[in-house]
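A.B. asks: Questions regarding the structure given below will be posed in turn.
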Amino acid sequence: MRRFLIAAALIAAPLTALADVPCGGSFSKFVQGLRTEAIDAGIAPSTAKAFFAGVKQDPAVLRADRKQGVFQIPFVDFSRRLISNDRINRGRANGKKYDAIFDRIEKTYGVDRGVLLAFWAFETDYGSFQGDFNTANALVTLAHDCRRPELFRPQVLAAVELFAQGGFDPKSTTGAWAGEIGMVQMLPRDILENGVDGDGDGQVSLKTSAPDALMSGGKMLHHLGWRAGEPWLDEVSLPQDFDWSLTGLDVQKSTAEWRALGVTARNGDLANGLTASLLLPQGRGGPAFIAYPNFRVYFDWNQSFTYVMTAAYFATRLQGAKVFDAGNPEPGLEGGQMKQLQTKLQSRGYDVGDIDGILGAKTRTAVRREQARLGLAVDGWPTPALLGKL
């Protein structure tokens, strides 16, 4: 799963309370309800009928939704899997090929080219594989499924609006299993709000036009709060006696304060005048990074901490940063062990989200609190030793 945000409703009316979002039951009756809602929102009855006429439930989408084990892989391994010399070389080549487009993006939206190149690489391998799931089927299937209907029902209605505008064919439009479309994988609501005709042909074609996709991605990041001219991530070195409890996204200090604590950048210097957090994706023995305010925008693109760290780091590599110092992190937990940890933390009253074996932000916060309670180094990295103490 790449990027999930609670989207606005198709019309300017408040969305039904999340607990009341219709889902499940007869699929055909569910589709009838969607069609009625689209018509009530102002879509012509004939258009709504045409959109939903051939929609089918797709079991493969549900299987993909339940199978996201890749996000259980630790940062060092995950980043080495996704970042290759070939991807770096092709990224830099695409940066030169579309230099004028990236100049426009940087001038208009303030988003650095490395940021978009990294997303382009990870989402579709620079457009070479954009997914072959029928998008209408995928969105309706996930809206019908009762796991996250509040996320996907608005996206179905947005796809109907795109269809009404001539920018979506429910029979032939394909993309990722979760409904994202095009080279940088945007959901229908994002396309409605941020789609840009980057090549000047009068259409927004995110599947076939790199200028359209990149300009649209730049506009979306700007819309999400990207701050022009500011960095997003720097790898850093730390002193031996560092206070590990100061790490994590919930701790923010000025870069001047971090310098005073002995934090130094491995590439150049820390940015002046910004607040930042110190992140240890694999604990005190692994790589360390300073994350600036723009880093938090990444979580509006994808909610996986490991993905976000890797995408942000890859963006710095594409702009000349050195390979990170992997260090010697302590062994972490396997998927089954991580689920055991999450279950134990949940039994102690912590909100860790789903018991999914993924070390997300909520699980990290709970781990840090338990590390502090048990007198361990508070670095947010769960180990077999911590699991045993719980």
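Simple scheme: letters A, B, ... for chains in structure tokens order, numbers from 1 for residues in each chain, numbers from 1 for ligands in the order shown.
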For the interface of segment 245-353 of chain A with segment 93-117 of chain A (cut-off 8 Å, counting only C-alpha atoms), please tabulate each contacting residue of segment 245-353 of chain A alongside its nearest pair of atoms and their separation in Å to one decimal, rows sorted by chain and increasing number, as a tab-separated table.
C.D. replies:
residue	atom	partner	partner_atom	distance
A:Ala311	CA	A:Val115	CA	7.7
A:Ala312	CA	A:Val115	CA	7.0
A:Phe314	CA	A:Gly114	CA	7.8
A:Ala315	CA	A:Gly114	CA	4.4
A:Thr316	CA	A:Gly114	CA	6.6
A:Arg317	CA	A:Gly114	CA	7.9
A:Leu318	CA	A:Gly114	CA	5.4
A:Gln319	CA	A:Gly114	CA	5.9
A.B. asks: Quick one: residues within 12 Å of Val236 of chain A, only C-alpha atoms counted, chain neighbours fewer than 5 positions away excluded, as a list of chain:residue names?
C.D. replies: A:Thr255, A:Trp258, A:Arg259, A:Gly262, A:Val263, A:Thr264, A:Ala265, A:Arg266, A:Asn267, A:Gly268, A:Asp269, A:Leu270, A:Ala271, A:Ser277, A:Leu278, A:Leu279, A:Leu280, A:Gly286, A:Pro287, A:Ala288, A:Phe289, A:Ile290, A:Ala291, A:Ala321, A:Lys322, A:Val323, A:Phe324, A:Asp325, A:Ala326
A.B. asks: Please produce an output containing N, CA, C and O atoms for each residue in the selection, written as a CSV table (one decimal), in the first residue's frame.
C.D. replies:
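Listing of part_32.csv after writing:
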chain,number,residue,atom,x,y,z
A,255,THR,N,18.2,23.2,15.1
A,255,THR,CA,19.5,22.6,14.6
A,255,THR,C,20.7,23.2,15.5
A,255,THR,O,21.7,22.5,15.7
A,258,TRP,N,20.8,20.9,18.4
A,258,TRP,CA,21.4,19.6,18.0
A,258,TRP,C,22.9,19.7,17.9
A,258,TRP,O,23.6,18.8,18.3
A,259,ARG,N,23.4,20.8,17.3
A,259,ARG,CA,24.8,21.0,17.2
A,259,ARG,C,25.5,21.0,18.6
A,259,ARG,O,26.5,20.4,18.8
A,262,GLY,N,26.3,17.8,20.0
A,262,GLY,CA,27.3,17.0,19.4
A,262,GLY,C,26.9,16.3,18.1
A,262,GLY,O,27.6,15.5,17.6
A,263,VAL,N,25.7,16.7,17.6
A,263,VAL,CA,25.2,16.1,16.3
A,263,VAL,C,25.9,16.8,15.1
A,263,VAL,O,25.8,18.0,15.0
A,264,THR,N,26.5,16.0,14.3
A,264,THR,CA,27.1,16.6,13.1
A,264,THR,C,26.7,15.9,11.8
A,264,THR,O,26.4,14.7,11.8
A,265,ALA,N,26.5,16.7,10.7
A,265,ALA,CA,26.1,16.1,9.5
A,265,ALA,C,27.3,15.4,8.8
A,265,ALA,O,28.4,15.8,8.9
A,266,ARG,N,27.0,14.2,8.2
A,266,ARG,CA,28.0,13.5,7.4
A,266,ARG,C,28.3,14.2,6.1
A,266,ARG,O,29.3,14.0,5.4
A,267,ASN,N,27.3,14.9,5.5
A,267,ASN,CA,27.4,15.6,4.2
A,267,ASN,C,27.2,17.1,4.5
A,267,ASN,O,26.0,17.5,4.7
A,268,GLY,N,28.2,17.9,4.5
A,268,GLY,CA,28.0,19.3,4.7
A,268,GLY,C,27.7,19.6,6.1
A,268,GLY,O,28.4,19.2,7.0
A,269,ASP,N,26.7,20.4,6.3
A,269,ASP,CA,26.3,20.9,7.7
A,269,ASP,C,24.8,20.8,7.8
A,269,ASP,O,24.1,20.7,6.9
A,270,LEU,N,24.4,20.8,9.1
A,270,LEU,CA,22.9,20.9,9.4
A,270,LEU,C,22.4,22.2,8.9
A,270,LEU,O,23.1,23.3,8.9
A,271,ALA,N,21.1,22.2,8.4
A,271,ALA,CA,20.5,23.5,8.0
A,271,ALA,C,20.3,24.4,9.1
A,271,ALA,O,20.1,24.0,10.3
A,277,SER,N,14.0,16.6,14.1
A,277,SER,CA,14.0,15.4,15.0
A,277,SER,C,15.2,14.5,14.6
A,277,SER,O,15.6,14.4,13.4
A,278,LEU,N,15.6,13.8,15.6
A,278,LEU,CA,16.7,12.8,15.3
A,278,LEU,C,16.2,11.4,15.3
A,278,LEU,O,15.5,10.9,16.2
A,279,LEU,N,16.4,10.7,14.2
A,279,LEU,CA,15.8,9.4,13.9
A,279,LEU,C,16.8,8.3,13.8
A,279,LEU,O,17.8,8.5,13.2
A,280,LEU,N,16.5,7.2,14.5
A,280,LEU,CA,17.4,6.0,14.5
A,280,LEU,C,16.5,4.9,14.0
A,280,LEU,O,15.9,4.1,14.8
A,286,GLY,N,22.6,1.6,14.5
A,286,GLY,CA,22.5,1.7,13.1
A,286,GLY,C,22.7,3.2,12.6
A,286,GLY,O,23.2,4.0,13.4
A,287,PRO,N,22.3,3.5,11.4
A,287,PRO,CA,22.4,4.8,10.9
A,287,PRO,C,21.5,5.8,11.6
A,287,PRO,O,20.5,5.4,12.2
A,288,ALA,N,21.9,7.1,11.6
A,288,ALA,CA,21.2,8.1,12.3
A,288,ALA,C,20.9,9.3,11.3
A,288,ALA,O,21.8,9.6,10.4
A,289,PHE,N,19.8,9.9,11.4
A,289,PHE,CA,19.4,11.0,10.5
A,289,PHE,C,18.7,12.1,11.3
A,289,PHE,O,18.0,11.9,12.2
A,290,ILE,N,18.9,13.3,10.8
A,290,ILE,CA,18.1,14.5,11.2
A,290,ILE,C,17.0,14.7,10.2
A,290,ILE,O,17.3,14.7,9.0
A,291,ALA,N,15.8,14.7,10.7
A,291,ALA,CA,14.6,14.9,9.9
A,291,ALA,C,14.0,16.3,10.1
A,291,ALA,O,13.6,16.6,11.2
A,321,ALA,N,24.3,12.9,-1.9
A,321,ALA,CA,24.7,12.4,-0.6
A,321,ALA,C,25.4,11.1,-0.7
A,321,ALA,O,25.3,10.3,-1.6
A,322,LYS,N,26.3,10.8,0.3
A,322,LYS,CA,27.0,9.6,0.4
A,322,LYS,C,26.1,8.4,0.8
A,322,LYS,O,25.1,8.6,1.4
A,323,VAL,N,26.6,7.2,0.6
A,323,VAL,CA,25.9,6.0,1.1
A,323,VAL,C,25.9,6.1,2.6
A,323,VAL,O,26.9,6.4,3.2
A,324,PHE,N,24.8,5.8,3.3
A,324,PHE,CA,24.8,5.9,4.7
A,324,PHE,C,25.7,4.9,5.4
A,324,PHE,O,26.1,3.8,4.8
A,325,ASP,N,26.1,5.2,6.6
A,325,ASP,CA,26.9,4.3,7.4
A,325,ASP,C,25.9,3.4,8.2
A,325,ASP,O,25.2,3.8,9.1
A,326,ALA,N,25.9,2.1,7.7
A,326,ALA,CA,25.0,1.2,8.3
A,326,ALA,C,25.2,0.9,9.7
A,326,ALA,O,24.3,0.4,10.5
A.B. asks: Could you write out, as a VMD selection string, all the residues of segment 174-382 of chain A that DSSP marks as alpha helix (DSSP H)?
C.D. replies: chain A and resid 188 to 194 210 to 223 255 to 260 293 to 297 305 to 318 335 to 347 361 to 373
A.B. asks: Can you list, as a count of residues only, every protein, DNA or RNA residue that comes within 12 Å of Val156 of chain A when you count only C-alpha atoms, leaving out same-chain residues fewer than 5 positions away?
C.D. replies: 38
A.B. asks: Just how far from atom CA of Val61 of chain A is atom CA of Ala118 of chain A, in Å to one decimal?
C.D. replies: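 Result for atom CA of Ala118 of chain A versus atom CA of Val61 of chain A: 25.3 Å, one decimal.
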A.B. asks: Kindly indicate which residue among A:Leu387, A:Gly195, A:Phe305, A:Lys207 lies nearest to Ser128 of chain A, using only C-alpha atoms for the distances.
C.D. replies: A:Lys207
A.B. asks: Find the residue from A:Leu274, A:Val184, A:Leu192, A:Met338 that sits nearest to Gly229 of chain A; use only C-alpha atoms when measuring.
C.D. replies: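 Result for the nearest residue to Gly229 of chain A: A:Leu274.
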A.B. asks: Which residues, written as an NGL selection string, have at least one atom at most 12 Å from Leu386 of chain A, with only C-alpha atoms counted and residues fewer than 4 positions away on the same chain left out?
C.D. replies: :A and (330-333 or 337-338 or 340-342 or 344-345 or 366-382 or 390)
A.B. asks: Report the distance between atom CA of Asp58 of chain A and atom CA of Phe27 of chain A in Å, rounded to one decimal place.
C.D. replies: 11.1 Å
A.B. asks: Can you pull out every residue within 12 Å of segment 301-304 of chain A, counting only C-alpha atoms, but drop anything in the same chain fewer than 2 positions away, and send it as a PyMOL selection string?
C.D. replies: chain A and resi 1-6+68-75+78+115-116+119+122-123+180+184-187+190+217-218+220-226+281+294-299+306-312+358-363
A.B. asks: Which of segment 242-359 of chain A counts as strand (DSSP E) under DSSP, as a PDB file with C-alpha atoms, in the first residue's frame please?
C.D. replies:
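Result saved to part_25.pdb:
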ATOM      1  CA  LYS A 253      14.890  20.779  18.694  1.00  0.00           C
ATOM      2  CA  SER A 254      16.490  23.552  16.708  1.00  0.00           C
ATOM      3  CA  THR A 264      27.143  16.629  13.076  1.00  0.00           C
ATOM      4  CA  ALA A 265      26.116  16.103   9.463  1.00  0.00           C
ATOM      5  CA  THR A 275      13.587  22.543  13.929  1.00  0.00           C
ATOM      6  CA  ALA A 276      14.318  18.860  13.445  1.00  0.00           C
ATOM      7  CA  SER A 277      13.998  15.402  14.962  1.00  0.00           C
ATOM      8  CA  LEU A 278      16.734  12.813  15.332  1.00  0.00           C
ATOM      9  CA  LEU A 279      15.769   9.406  13.922  1.00  0.00           C
ATOM     10  CA  ALA A 288      21.205   8.149  12.264  1.00  0.00           C
ATOM     11  CA  PHE A 289      19.355  10.966  10.503  1.00  0.00           C
ATOM     12  CA  ILE A 290      18.143  14.471  11.222  1.00  0.00           C
ATOM     13  CA  ALA A 291      14.604  14.906   9.853  1.00  0.00           C
TER      14      ALA A 291
END
A.B. asks: Which of these residues is nearest to Pro384 of chain A, using only C-alpha atoms: A:Gly336, A:Pro45, A:Pro231, A:Gly182?
C.D. replies: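 Counting only C-alpha atoms, the residue closest to Pro384 of chain A is A:Gly336.
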A.B. asks: Compare A:Glu334, A:Arg227, A:Gly127, A:Asn272 by their minimum atom-to-atom distance to Leu206 of chain A, counting only C-alpha atoms, and give me the closest one.
C.D. replies: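 Answer, going by the shortest atom-to-atom distance: A:Gly127.
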A.B. asks: Just give me the gap between atom CA of Val251 of chain A and atom CA of Val352 of chain A in Å, one decimal is fine.
C.D. replies: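 Answer for the atom CA of Val251 of chain A to atom CA of Val352 of chain A separation: 18.9 Å.
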